[in-house]
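Data from entry_17.txt: compact mmCIF, C-alpha atoms and all ligand atoms
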# COMPACT_ATOMS: atom_id res chain seq x y z
CA MET L 1 148.11 7.54 321.07
CA ALA L 2 149.21 7.37 324.70
CA TYR L 3 150.24 10.53 326.44
CA ALA L 4 152.52 11.05 329.44
CA ALA L 5 150.86 13.38 331.93
CA ILE L 6 152.88 15.23 334.59
CA THR L 7 151.04 14.35 337.79
CA GLY L 8 153.68 15.04 340.43
CA TRP L 9 156.34 17.69 341.03
CA GLY L 10 158.70 18.66 343.83
CA GLU L 11 161.90 20.53 344.46
CA GLY L 12 164.96 19.87 346.58
CA LEU L 13 166.46 23.31 347.03
CA PRO L 14 169.21 23.43 349.66
CA PRO L 15 168.66 26.21 352.21
CA ALA L 16 172.14 27.83 352.36
CA ILE L 17 172.29 31.06 350.34
CA LEU L 18 175.46 32.49 348.77
CA THR L 19 175.04 36.17 347.89
CA ASN L 20 176.92 38.32 345.40
CA ASP L 21 178.47 40.09 348.37
CA ASP L 22 179.70 36.73 349.70
CA LEU L 23 181.43 36.15 346.35
CA SER L 24 183.05 39.59 346.58
CA THR L 25 184.82 38.51 349.77
CA PHE L 26 187.18 36.27 347.78
CA LEU L 27 186.77 37.29 344.11
CA GLU L 28 187.47 40.54 342.31
CA THR L 29 183.82 41.09 341.50
CA SER L 30 180.83 43.07 342.75
CA ASP L 31 177.10 42.82 343.27
CA GLU L 32 176.72 45.54 340.66
CA TRP L 33 178.70 43.62 337.97
CA ILE L 34 176.98 40.29 338.59
CA THR L 35 173.50 41.83 338.74
CA THR L 36 173.80 43.93 335.60
CA ARG L 37 175.61 41.29 333.48
CA THR L 38 173.63 38.22 334.56
CA GLY L 39 170.56 39.18 336.63
CA MET L 40 171.79 36.98 339.49
CA LYS L 41 171.62 38.09 343.13
CA GLU L 42 172.05 34.82 345.03
CA ARG L 43 172.37 31.06 344.59
CA ARG L 44 172.14 27.96 346.80
CA ILE L 45 174.99 25.82 348.13
CA SER L 46 174.14 22.28 349.15
CA HIS L 47 175.27 20.67 352.39
CA VAL L 48 174.09 17.25 351.19
CA THR L 49 174.98 15.12 348.19
CA ALA L 50 173.36 15.39 344.77
CA VAL L 51 171.61 12.04 345.27
CA GLU L 52 170.21 13.24 348.60
CA MET L 53 168.90 16.45 347.02
CA ALA L 54 167.36 14.41 344.20
CA ALA L 55 165.74 11.98 346.65
CA ILE L 56 164.07 14.86 348.55
CA ALA L 57 162.69 16.24 345.28
CA CYS L 58 161.46 12.77 344.26
CA ARG L 59 159.71 12.10 347.57
CA ARG L 60 157.87 15.41 347.19
CA ALA L 61 156.96 14.61 343.56
CA LEU L 62 155.62 11.16 344.52
CA ALA L 63 153.54 12.58 347.39
CA CYS L 64 152.23 15.24 345.00
CA ALA L 65 151.13 12.49 342.58
CA GLY L 66 149.79 10.26 345.36
CA VAL L 67 152.06 7.40 344.24
CA GLU L 68 154.17 4.98 346.29
CA ALA L 69 157.87 4.57 345.49
CA ALA L 70 157.35 0.84 344.92
CA ASP L 71 155.11 1.68 341.94
CA VAL L 72 157.76 3.66 340.05
CA ASP L 73 158.83 2.00 336.76
CA LEU L 74 161.76 4.24 335.78
CA ILE L 75 164.07 6.81 337.36
CA VAL L 76 165.88 9.22 335.03
CA TYR L 77 168.66 11.10 336.81
CA GLY L 78 169.37 14.14 334.65
CA GLY L 79 172.53 16.11 335.36
CA CYS L 80 176.30 16.12 335.26
CA SER L 81 176.98 15.96 339.01
CA ASN L 82 177.63 12.31 339.63
CA GLU L 83 179.39 11.16 342.76
CA GLU L 84 180.45 8.06 340.89
CA VAL L 85 180.17 6.86 337.32
CA VAL L 86 179.74 3.22 338.32
CA PRO L 87 177.34 2.63 340.00
CA ASN L 88 175.16 5.29 338.47
CA SER L 89 173.36 7.95 340.52
CA ALA L 90 169.83 6.93 339.55
CA SER L 91 170.42 3.64 341.36
CA GLY L 92 171.39 5.65 344.45
CA VAL L 93 168.08 7.50 344.23
CA GLN L 94 166.29 4.16 343.81
CA VAL L 95 167.81 2.92 347.08
CA ALA L 96 167.02 6.17 348.92
CA LEU L 97 163.37 6.00 347.81
CA GLY L 98 162.89 2.24 348.12
CA ALA L 99 161.72 2.23 344.50
CA THR L 100 162.65 -1.42 344.18
CA HIS L 101 160.85 -2.10 340.89
CA ALA L 102 162.27 0.86 339.00
CA ALA L 103 164.73 0.84 336.12
CA ALA L 104 167.38 3.50 336.74
CA MET L 105 169.34 5.53 334.22
CA ASP L 106 171.63 8.57 334.32
CA LEU L 107 171.29 11.04 331.47
CA ASN L 108 173.93 13.71 331.02
CA THR L 109 173.46 16.44 328.46
CA ALA L 110 174.64 19.06 331.00
CA CYS L 111 172.11 21.86 331.51
CA THR L 112 169.54 20.31 329.15
CA SER L 113 169.53 16.95 330.98
CA PHE L 114 166.02 17.49 332.37
CA ILE L 115 164.67 18.51 328.96
CA TYR L 116 166.29 15.49 327.28
CA GLY L 117 165.16 13.32 330.23
CA LEU L 118 161.52 14.38 330.09
CA SER L 119 161.48 13.88 326.31
CA THR L 120 163.01 10.40 326.72
CA ALA L 121 160.69 9.33 329.54
CA THR L 122 157.67 10.53 327.56
CA ALA L 123 158.73 8.43 324.57
CA LEU L 124 159.30 5.36 326.74
CA ILE L 125 155.82 5.76 328.21
CA GLN L 126 154.28 6.32 324.79
CA ASN L 127 155.88 3.20 323.31
CA GLY L 128 154.78 1.11 326.29
CA THR L 129 158.22 0.30 327.73
CA VAL L 130 157.26 1.79 331.10
CA ARG L 131 153.99 3.04 332.59
CA ASN L 132 155.53 5.89 334.53
CA ALA L 133 158.79 7.64 335.38
CA LEU L 134 160.43 9.99 337.83
CA VAL L 135 162.45 12.54 335.88
CA ILE L 136 165.04 14.46 337.88
CA GLY L 137 167.10 17.56 337.15
CA VAL L 138 169.85 17.89 339.72
CA GLU L 139 173.21 19.61 340.04
CA LEU L 140 175.88 19.98 342.72
CA ILE L 141 178.22 22.32 340.92
CA SER L 142 179.63 23.91 344.09
CA ARG L 143 181.82 20.83 344.54
CA TYR L 144 183.65 21.17 341.25
CA ILE L 145 183.50 24.78 340.18
CA ASP L 146 186.74 26.77 339.84
CA TRP L 147 186.11 29.05 342.80
CA GLY L 148 189.16 31.12 341.86
CA ASN L 149 187.82 31.90 338.37
CA ARG L 150 185.37 34.81 338.48
CA ASN L 151 184.24 34.07 334.91
CA VAL L 152 182.43 30.95 336.11
CA ALA L 153 182.30 31.02 339.91
CA VAL L 154 179.60 33.71 340.08
CA LEU L 155 177.22 31.98 337.65
CA PHE L 156 176.22 28.67 339.19
CA GLY L 157 174.27 27.23 342.10
CA ASP L 158 173.11 23.86 343.45
CA GLY L 159 169.59 22.43 343.38
CA ALA L 160 167.25 19.65 342.35
CA ALA L 161 163.67 19.10 341.24
CA ALA L 162 161.72 16.15 339.89
CA VAL L 163 158.49 15.43 338.09
CA PHE L 164 156.44 12.23 338.00
CA VAL L 165 155.01 11.37 334.58
CA GLN L 166 152.51 8.62 333.86
CA ALA L 167 150.59 7.17 330.94
CA SER L 168 147.34 8.95 330.18
CA ASP L 169 144.64 8.94 327.52
CA THR L 170 144.18 12.69 327.88
CA ALA L 171 146.11 14.97 325.53
CA GLU L 172 148.53 16.43 328.05
CA GLY L 173 152.21 16.35 329.00
CA VAL L 174 154.98 16.78 326.42
CA MET L 175 153.21 17.52 323.12
CA GLY L 176 156.30 18.52 321.15
CA SER L 177 159.98 17.95 321.57
CA VAL L 178 163.05 19.28 319.72
CA LEU L 179 166.54 18.16 320.75
CA GLY L 180 169.84 19.15 319.18
CA CYS L 181 173.55 19.67 319.72
CA ASP L 182 175.87 22.36 318.37
CA ALA L 183 178.88 20.07 318.71
CA GLU L 184 181.11 22.19 316.47
CA ALA L 185 181.46 24.45 319.54
CA ARG L 186 181.77 21.71 322.14
CA GLN L 187 185.15 23.09 323.27
CA VAL L 188 183.72 26.43 324.50
CA LEU L 189 182.47 24.77 327.68
CA ARG L 190 184.56 21.98 329.13
CA VAL L 191 185.34 20.80 332.65
CA ARG L 192 188.84 19.37 332.35
CA GLY L 193 189.87 16.66 334.77
CA VAL L 194 186.56 14.85 335.27
CA GLY L 195 186.67 11.78 333.05
CA CYS L 196 189.03 8.93 332.31
CA GLY L 197 190.33 10.66 329.16
CA TYR L 198 192.48 12.89 331.34
CA ALA L 199 194.95 10.22 332.41
CA GLY L 200 198.41 11.38 331.32
CA LEU L 201 197.24 14.65 329.72
CA GLY L 202 198.74 16.96 332.33
CA VAL L 203 195.51 17.25 334.28
CA THR L 204 195.08 14.91 337.20
CA PHE L 205 191.92 12.83 337.18
CA GLY L 206 189.66 14.45 339.76
CA ASP L 207 191.00 17.98 339.26
CA THR L 208 188.48 20.39 337.83
CA LEU L 209 189.53 23.19 335.51
CA TRP L 210 186.83 25.00 333.57
CA ASP L 211 187.28 26.12 329.97
CA PHE L 212 184.50 28.66 329.52
CA ASP L 213 184.11 31.11 326.66
CA GLY L 214 181.17 33.11 328.01
CA GLN L 215 180.55 35.25 324.94
CA ALA L 216 180.64 32.30 322.52
CA ILE L 217 178.27 30.34 324.77
CA PHE L 218 175.98 33.38 325.02
CA LYS L 219 175.62 33.75 321.24
CA ARG L 220 175.17 30.04 320.57
CA ALA L 221 172.71 29.72 323.47
CA VAL L 222 170.45 32.40 322.00
CA LYS L 223 170.68 30.82 318.54
CA GLY L 224 170.13 27.22 319.72
CA MET L 225 167.23 28.00 322.05
CA THR L 226 165.59 30.34 319.54
CA GLU L 227 165.74 27.77 316.76
CA ALA L 228 164.49 25.00 319.05
CA CYS L 229 161.52 27.19 320.11
CA GLU L 230 160.68 28.03 316.51
CA ARG L 231 160.84 24.38 315.42
CA VAL L 232 158.82 22.97 318.31
CA MET L 233 156.11 25.62 317.89
CA ARG L 234 156.01 25.16 314.12
CA GLN L 235 155.70 21.37 314.50
CA ALA L 236 152.78 21.81 316.89
CA GLY L 237 151.21 24.60 314.83
CA VAL L 238 151.26 27.13 317.66
CA THR L 239 152.52 30.71 317.85
CA GLY L 240 154.01 32.73 320.68
CA ASP L 241 150.70 34.34 321.58
CA GLN L 242 149.27 30.89 322.38
CA VAL L 243 152.06 30.09 324.87
CA ASP L 244 150.88 30.79 328.41
CA LEU L 245 154.28 30.59 330.08
CA VAL L 246 157.89 30.16 328.95
CA ILE L 247 160.02 28.29 331.49
CA PRO L 248 163.54 28.64 330.09
CA HIS L 249 166.97 27.55 331.21
CA GLN L 250 168.36 30.39 333.34
CA ALA L 251 172.01 31.09 332.55
CA ASN L 252 171.69 34.84 332.09
CA LEU L 253 168.71 37.20 332.20
CA ARG L 254 169.85 38.78 328.93
CA ILE L 255 169.77 35.38 327.18
CA ILE L 256 166.25 34.75 328.51
CA GLU L 257 165.03 38.16 327.31
CA SER L 258 166.47 37.59 323.86
CA VAL L 259 164.97 34.09 323.48
CA ALA L 260 161.55 35.29 324.68
CA LYS L 261 161.62 38.18 322.24
CA HIS L 262 162.42 35.87 319.32
CA ALA L 263 159.65 33.48 320.42
CA GLY L 264 157.15 36.36 320.42
CA VAL L 265 156.35 36.03 324.12
CA PRO L 266 156.44 39.14 326.39
CA MET L 267 158.50 38.92 329.61
CA GLU L 268 155.29 38.96 331.70
CA ARG L 269 154.75 35.42 330.44
CA VAL L 270 158.28 34.21 331.19
CA MET L 271 159.25 32.50 334.46
CA VAL L 272 162.44 34.08 335.80
CA THR L 273 164.27 32.55 338.77
CA VAL L 274 167.84 33.46 337.87
CA GLN L 275 167.96 36.23 340.49
CA LYS L 276 167.29 33.72 343.29
CA TYR L 277 169.12 30.59 342.19
CA GLY L 278 171.62 31.49 339.46
CA ASN L 279 172.24 28.76 336.91
CA MET L 280 171.53 25.34 338.45
CA SER L 281 172.26 23.61 335.16
CA ALA L 282 169.94 20.58 334.82
CA ALA L 283 167.91 21.60 337.88
CA THR L 284 167.01 25.03 336.55
CA VAL L 285 164.01 24.22 334.35
CA PRO L 286 162.29 21.79 336.76
CA VAL L 287 162.88 24.07 339.78
CA SER L 288 161.39 26.96 337.79
CA LEU L 289 158.41 24.76 336.84
CA VAL L 290 157.77 23.87 340.49
CA GLU L 291 158.04 27.54 341.49
CA ALA L 292 155.63 28.51 338.69
CA LEU L 293 153.11 25.99 340.02
CA LYS L 294 153.54 27.27 343.58
CA ASP L 295 153.07 30.85 342.37
CA GLY L 296 149.86 29.95 340.53
CA ARG L 297 151.40 30.80 337.15
CA VAL L 298 150.51 27.39 335.71
CA THR L 299 146.76 26.98 335.40
CA PRO L 300 144.68 24.01 334.17
CA GLY L 301 145.37 23.48 330.46
CA SER L 302 148.29 25.93 330.32
CA LEU L 303 150.61 25.65 327.31
CA LEU L 304 154.24 25.78 328.50
CA LEU L 305 157.37 26.29 326.41
CA MET L 306 160.62 25.02 327.95
CA PRO L 307 163.82 25.88 326.03
CA GLY L 308 167.32 25.08 327.26
CA PHE L 309 170.97 24.73 326.31
CA GLY L 310 174.09 23.39 327.95
CA GLY L 311 177.53 21.85 327.53
CA GLY L 312 177.95 19.96 324.32
CA LEU L 313 176.56 22.45 323.28
CA THR L 314 173.24 20.66 323.64
CA TYR L 315 169.98 22.51 323.19
CA GLY L 316 166.30 21.69 323.08
CA ALA L 317 162.75 22.87 323.65
CA LEU L 318 159.62 21.14 324.92
CA LEU L 319 156.00 22.17 324.49
CA VAL L 320 154.00 20.93 327.45
CA ARG L 321 150.22 20.98 327.78
CA TRP L 322 149.39 21.03 331.49
CA GLY L 323 146.56 18.83 332.80
CA SER L 324 143.65 19.74 335.02
CA ARG L 325 145.36 19.53 338.41
CA VAL L 326 147.76 22.27 339.57
CA THR L 327 147.81 21.44 343.27
CA PRO L 328 149.53 18.50 344.99
CA LEU L 329 147.47 15.48 346.09
CA GLY L 330 149.69 15.13 349.16
CA GLU L 331 152.79 16.50 350.84
CA SER L 332 155.95 14.67 351.83
CA THR L 333 157.72 15.27 355.13
CA ALA L 334 161.07 14.91 353.35
CA ALA L 335 163.37 17.73 354.44
CA PHE L 336 167.00 18.74 354.38
CA PRO L 337 168.98 18.01 357.55
CA PRO L 338 169.82 21.08 359.67
CA LEU L 339 172.58 23.33 358.38
CA GLN L 340 175.90 23.13 360.20
CA HIS L 341 177.64 25.84 358.17
CA SER L 342 176.84 28.92 356.13
CA ALA L 343 177.07 28.82 352.34
CA LEU L 344 180.22 30.93 352.45
CA GLU L 345 181.85 28.60 354.99
CA MET L 346 181.10 25.61 352.76
CA VAL L 347 182.50 27.37 349.71
CA ASN L 348 185.61 28.40 351.65
CA ALA L 349 186.10 24.77 352.67
CA VAL L 350 186.19 23.77 349.00
CA ARG L 351 188.43 26.73 348.13
CA ALA L 352 190.89 25.63 350.79
CA THR L 353 191.42 22.43 348.81
CA GLN L 354 191.96 24.22 345.49
CA ASP L 355 195.29 25.50 344.27
CA PRO L 356 195.52 28.97 342.66
CA ASN L 357 194.71 27.44 339.26
CA GLY L 358 191.39 26.26 340.57
CA ARG L 359 192.20 22.56 340.80
CA SER L 360 189.96 20.87 343.27
CA SER L 361 190.52 17.17 343.57
CA ALA L 362 190.19 17.13 347.34
CA GLY L 363 187.21 19.48 347.16
CA LEU L 364 184.99 16.62 346.12
CA MET L 365 184.88 15.55 349.77
CA THR L 366 185.93 18.13 352.33
CA PRO L 367 185.57 17.70 356.09
CA VAL L 368 182.61 20.09 356.01
CA PHE L 369 180.76 17.91 353.58
CA ALA L 370 181.74 14.70 355.33
CA GLU L 371 180.16 16.12 358.47
CA ALA L 372 177.05 17.18 356.57
CA ARG L 373 176.73 13.72 355.04
CA LEU L 374 176.88 12.18 358.46
CA ALA L 375 174.13 14.49 359.66
CA ALA L 376 172.06 13.65 356.61
CA ALA L 377 172.47 9.94 357.14
CA HIS L 378 171.13 10.26 360.67
CA SER L 379 168.04 12.19 359.68
CA ALA L 380 165.17 10.03 358.52
CA PRO L 381 163.08 11.69 355.84
CA SER L 382 159.97 9.76 354.86
N1 LIG I 1 183.14 40.18 338.04
C1 LIG I 1 183.69 41.30 337.53
N2 LIG I 1 184.20 41.35 336.29
C2 LIG I 1 184.12 40.24 335.54
C3 LIG I 1 183.56 39.04 336.02
C4 LIG I 1 183.05 39.05 337.34
N3 LIG I 1 182.49 37.98 337.89
N4 LIG I 1 183.63 38.11 335.05
C5 LIG I 1 184.22 38.69 333.99
N5 LIG I 1 184.52 39.98 334.30
C6 LIG I 1 185.16 40.98 333.46
C7 LIG I 1 185.97 40.38 332.35
O1 LIG I 1 187.25 40.03 332.80
C8 LIG I 1 185.99 41.50 331.35
O2 LIG I 1 186.97 42.41 331.74
P1 LIG I 1 187.87 43.17 330.64
O3 LIG I 1 186.90 43.97 329.80
O4 LIG I 1 188.78 44.01 331.47
O5 LIG I 1 188.56 42.10 329.88
C9 LIG I 1 184.64 42.16 331.52
O6 LIG I 1 184.14 41.74 332.82
C10 LIG I 1 183.61 41.81 330.47
O7 LIG I 1 183.64 40.40 330.30
P2 LIG I 1 182.72 39.73 329.23
O8 LIG I 1 183.04 38.28 329.16
O9 LIG I 1 182.76 40.52 327.98
O10 LIG I 1 181.28 39.93 329.90
P3 LIG I 1 179.90 39.57 329.31
O11 LIG I 1 179.06 40.77 329.25
O12 LIG I 1 180.01 38.71 328.07
O13 LIG I 1 179.30 38.64 330.45
C11 LIG I 1 178.95 36.34 330.98
C12 LIG I 1 179.98 37.43 330.82
C13 LIG I 1 178.02 36.74 332.11
C14 LIG I 1 179.67 35.05 331.35
C15 LIG I 1 178.14 36.18 329.68
O14 LIG I 1 179.02 36.07 328.60
C16 LIG I 1 177.26 34.98 329.70
O15 LIG I 1 176.27 34.92 330.41
N6 LIG I 1 177.57 33.96 328.91
C17 LIG I 1 176.80 32.75 328.87
C18 LIG I 1 177.07 31.96 330.09
C19 LIG I 1 176.28 30.73 330.07
O16 LIG I 1 175.38 30.58 329.34
N7 LIG I 1 176.66 29.81 330.92
C20 LIG I 1 176.00 28.56 330.96
C21 LIG I 1 176.69 27.61 330.11
S1 LIG I 1 175.83 26.12 329.83
C22 LIG I 1 175.39 25.62 331.29
O17 LIG I 1 174.40 26.08 331.75
C23 LIG I 1 176.28 24.61 332.05

Can you give me the file's structure in the form of structure tokens?
Amino acid sequence: MAYAAITGWGEGLPPAILTNDDLSTFLETSDEWITTRTGMKERRISHVTAVEMAAIACRRALACAGVEAADVDLIVYGGCSNEEVVPNSASGVQVALGATHAAAMDLNTACTSFIYGLSTATALIQNGTVRNALVIGVELISRYIDWGNRNVAVLFGDGAAAVFVQASDTAEGVMGSVLGCDAEARQVLRVRGVGCGYAGLGVTFGDTLWDFDGQAIFKRAVKGMTEACERVMRQAGVTGDQVDLVIPHQANLRIIESVAKHAGVPMERVMVTVQKYGNMSAATVPVSLVEALKDGRVTPGSLLLMPGFGGGLTYGALLVRWGSRVTPLGESTAAFPPLQHSALEMVNAVRATQDPNGRSSAGLMTPVFAEARLAAAHSAPS
């Protein structure tokens, strides 16, 4: 049986930081409420596009694997932040990288897009369709969040990360995969206005209004992730004490603690990044994986458990056996262009385009972002 080893990894975390105190300048909220209810202290706001963030992460992942972009067979763009539906975003990443021989697909299962993407890429490598793949988790939620709605505005952040997976004879990479969807509750998390189904339904195409039942999502997240962990561990014949590190989706510290407890893994063996980045949706698990590698928390042969959930309500869990290498083969010079504005200034620019109900059609491209895009286009990352 062929395996799909993870041989490259890299993140594309935008530098601008939005703190809880920044949020308190325009929302009726507080650092104390956000910290105690969610564990979040700060999150990132991107001054470049989602494709640009993804391309930075991919360049770093390719350098880490010692692979040229021209040798990439497949790009999986996991996330629900697409600048356009047609053409897809993966093709934009292909152009940015010069990965001219790659197939390119977008995969949207909301926050679980990276988990679904890594499972899919592994299967395509195992059945011989492709020899390798770049799998991306990326999100640019700051452009379409309801900044006037404190129930959602405090929870999310922007970011990207990617891994490079390639065929291997060694038993490593994704060893078990459980994917599911609690669709009965699909209405508890919905972004109204993005999608052609909104024509004539009283919401203008391009507006973004979030339906978000936090408590319902919380309960179903714990249930979905817990069951996925149990199933993937049972299938592989492993127990919580054999898991070296849990790298979960990070929507709320209390959800993470509950899932870890059910999985029988103490918090010392759980990677927590929610305090620094909030919920980056599809980017959360891969960013946390890259941070775990940087922190030396992934060692040769480590067994990793990666549970997640997201809109849909999709859920899943991967069991990953790490290979022998935990350090990059090389480093990319890819970097974000210089910041022109603070995170709060960028958020205020989007808010200025939103009406009191949180609609944000013009927020998809504000003057601030247009300027940042221009700056990005003139920088030349390798
Ligand atoms: N600041 C201050 N007060 C707030 C805020 C805020 N930002 N948000 C809500 N409140 C208030 C509410 O209005 C409510 O006030 P009330 O009692 O006067 O009515 C009170 O705080 C308690 O609200 P609850 O909703 O009961 O708070 P809870 O403890 O459930 O925490 C939270 C809310 C953090 C959203 C929690 O339910 C949660 O984490 N849910 C899951 C979220 C999640 O998983 N999101 C990801 C979805 S999938 C994806 O990743 C895309």

Within 9 Å of ligand LIG 1 (chain I), which residues of chain L show up? Give each one with its shortest atom-to-atom distance in Å (one decimal) and the two atoms involved, counting all atoms listed in the file, rows by chain then rising residue number, as JSON lines.
{"residue": "L:Leu23", "atom": "CA", "partner": "I:LIG1", "partner_atom": "N3", "distance": 8.7}
{"residue": "L:Ser24", "atom": "CA", "partner": "I:LIG1", "partner_atom": "N1", "distance": 8.6}
{"residue": "L:Leu27", "atom": "CA", "partner": "I:LIG1", "partner_atom": "N3", "distance": 7.6}
{"residue": "L:Glu28", "atom": "CA", "partner": "I:LIG1", "partner_atom": "N1", "distance": 6.1}
{"residue": "L:Thr29", "atom": "CA", "partner": "I:LIG1", "partner_atom": "N1", "distance": 3.6}
{"residue": "L:Ser30", "atom": "CA", "partner": "I:LIG1", "partner_atom": "N1", "distance": 6.0}
{"residue": "L:Asp31", "atom": "CA", "partner": "I:LIG1", "partner_atom": "N1", "distance": 8.4}
{"residue": "L:Glu32", "atom": "CA", "partner": "I:LIG1", "partner_atom": "C1", "distance": 8.7}
{"residue": "L:Trp33", "atom": "CA", "partner": "I:LIG1", "partner_atom": "C1", "distance": 5.5}
{"residue": "L:Ile34", "atom": "CA", "partner": "I:LIG1", "partner_atom": "N3", "distance": 6.0}
{"residue": "L:Thr36", "atom": "CA", "partner": "I:LIG1", "partner_atom": "O11", "distance": 8.8}
{"residue": "L:Arg37", "atom": "CA", "partner": "I:LIG1", "partner_atom": "C13", "distance": 5.3}
{"residue": "L:Thr38", "atom": "CA", "partner": "I:LIG1", "partner_atom": "C13", "distance": 5.2}
{"residue": "L:Ala110", "atom": "CA", "partner": "I:LIG1", "partner_atom": "C23", "distance": 5.9}
{"residue": "L:Cys111", "atom": "CA", "partner": "I:LIG1", "partner_atom": "O17", "distance": 4.8}
{"residue": "L:Thr112", "atom": "CA", "partner": "I:LIG1", "partner_atom": "O17", "distance": 8.0}
{"residue": "L:Asn149", "atom": "CA", "partner": "I:LIG1", "partner_atom": "N3", "distance": 8.1}
{"residue": "L:Arg150", "atom": "CA", "partner": "I:LIG1", "partner_atom": "N3", "distance": 4.3}
{"residue": "L:Asn151", "atom": "CA", "partner": "I:LIG1", "partner_atom": "N4", "distance": 4.1}
{"residue": "L:Val152", "atom": "CA", "partner": "I:LIG1", "partner_atom": "C14", "distance": 6.9}
{"residue": "L:Ala153", "atom": "CA", "partner": "I:LIG1", "partner_atom": "N3", "distance": 7.2}
{"residue": "L:Val154", "atom": "CA", "partner": "I:LIG1", "partner_atom": "N3", "distance": 5.6}
{"residue": "L:Leu155", "atom": "CA", "partner": "I:LIG1", "partner_atom": "N7", "distance": 7.1}
{"residue": "L:Phe156", "atom": "CA", "partner": "I:LIG1", "partner_atom": "O17", "distance": 8.1}
{"residue": "L:Leu189", "atom": "CA", "partner": "I:LIG1", "partner_atom": "C21", "distance": 6.9}
{"residue": "L:Phe212", "atom": "CA", "partner": "I:LIG1", "partner_atom": "C21", "distance": 7.9}
{"residue": "L:Asp213", "atom": "CA", "partner": "I:LIG1", "partner_atom": "O14", "distance": 7.4}
{"residue": "L:Gly214", "atom": "CA", "partner": "I:LIG1", "partner_atom": "O14", "distance": 3.7}
{"residue": "L:Gln215", "atom": "CA", "partner": "I:LIG1", "partner_atom": "O14", "distance": 4.1}
{"residue": "L:Ala216", "atom": "CA", "partner": "I:LIG1", "partner_atom": "N6", "distance": 7.3}
{"residue": "L:Ile217", "atom": "CA", "partner": "I:LIG1", "partner_atom": "C17", "distance": 5.0}
{"residue": "L:Phe218", "atom": "CA", "partner": "I:LIG1", "partner_atom": "C17", "distance": 4.0}
{"residue": "L:Lys219", "atom": "CA", "partner": "I:LIG1", "partner_atom": "C17", "distance": 7.8}
{"residue": "L:Arg220", "atom": "CA", "partner": "I:LIG1", "partner_atom": "O16", "distance": 8.8}
{"residue": "L:Ala221", "atom": "CA", "partner": "I:LIG1", "partner_atom": "O16", "distance": 6.5}
{"residue": "L:His249", "atom": "CA", "partner": "I:LIG1", "partner_atom": "O17", "distance": 7.6}
{"residue": "L:Gln250", "atom": "CA", "partner": "I:LIG1", "partner_atom": "O17", "distance": 7.6}
{"residue": "L:Ala251", "atom": "CA", "partner": "I:LIG1", "partner_atom": "O16", "distance": 4.7}
{"residue": "L:Asn252", "atom": "CA", "partner": "I:LIG1", "partner_atom": "O15", "distance": 4.9}
{"residue": "L:Leu253", "atom": "CA", "partner": "I:LIG1", "partner_atom": "O15", "distance": 8.1}
{"residue": "L:Arg254", "atom": "CA", "partner": "I:LIG1", "partner_atom": "O15", "distance": 7.6}
{"residue": "L:Ile255", "atom": "CA", "partner": "I:LIG1", "partner_atom": "O15", "distance": 7.3}
{"residue": "L:Asn279", "atom": "CA", "partner": "I:LIG1", "partner_atom": "O17", "distance": 6.2}
{"residue": "L:Met280", "atom": "CA", "partner": "I:LIG1", "partner_atom": "O17", "distance": 7.3}
{"residue": "L:Ser281", "atom": "CA", "partner": "I:LIG1", "partner_atom": "O17", "distance": 4.7}
{"residue": "L:Ala282", "atom": "CA", "partner": "I:LIG1", "partner_atom": "O17", "distance": 7.7}
{"residue": "L:Thr284", "atom": "CA", "partner": "I:LIG1", "partner_atom": "O17", "distance": 8.9}
{"residue": "L:Gly308", "atom": "CA", "partner": "I:LIG1", "partner_atom": "O17", "distance": 8.4}
{"residue": "L:Phe309", "atom": "CA", "partner": "I:LIG1", "partner_atom": "S1", "distance": 6.2}
{"residue": "L:Gly310", "atom": "CA", "partner": "I:LIG1", "partner_atom": "S1", "distance": 3.7}
{"residue": "L:Gly311", "atom": "CA", "partner": "I:LIG1", "partner_atom": "S1", "distance": 5.1}
{"residue": "L:Gly312", "atom": "CA", "partner": "I:LIG1", "partner_atom": "S1", "distance": 8.5}
{"residue": "L:Leu313", "atom": "CA", "partner": "I:LIG1", "partner_atom": "S1", "distance": 7.5}
{"residue": "L:Thr314", "atom": "CA", "partner": "I:LIG1", "partner_atom": "S1", "distance": 8.7}

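Closest approach to Ala335 in chain L from the set L:Val86, L:Ala55, L:Ala2, L:Asp244 is made by L:Ala55, with distances taken over only C-alpha atoms.
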
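Closest approach to Gln94 in chain L from the set L:Pro266, L:Leu134, L:Ser113, L:Leu124 is made by L:Leu134, with distances taken over all atoms listed in the file.
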
Minimum-distance residue to Ile141 in chain L, chosen among L:Val191, L:Val238, L:Val246, L:Ala183 (using all atoms listed in the file): L:Val191

Range 293-295 of chain L environment, 9 Å, all atoms listed in the file, sequence neighbours closer than 5 positions dropped, as number ranges by chain: L: 9, 288, 326-327

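Pairwise distance (CA of Pro337 in chain L, CA of Gln275 in chain L) equals 25.0 Å.
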
Proximity to Gln354 in chain L - best of L:Ile125, L:Ala57, L:Ile256, L:Ile145, only C-alpha atoms: L:Ile145

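Closest to Ala167 in chain L among L:Ala292, L:Ile6, L:Leu344, L:Val222 is L:Ile6, based on all atoms listed in the file.
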
Per-residue nearest contacts of range 108-168 of chain L to range 67-77 of chain L (6 Å; only C-alpha atoms) as a tab-separated table:
residue	atom	partner	partner_atom	distance
L:Val130	CA	L:Asp73	CA	5.9
L:Asn132	CA	L:Asp73	CA	5.6
L:Ala133	CA	L:Leu74	CA	4.5
L:Leu134	CA	L:Ile75	CA	4.9
L:Val135	CA	L:Val76	CA	4.8
L:Ile136	CA	L:Tyr77	CA	5.1

Distance criterion (all atoms listed in the file): nearest to Leu62 in chain L out of L:Phe164, L:Trp147, L:Phe114, L:Trp210: L:Phe164
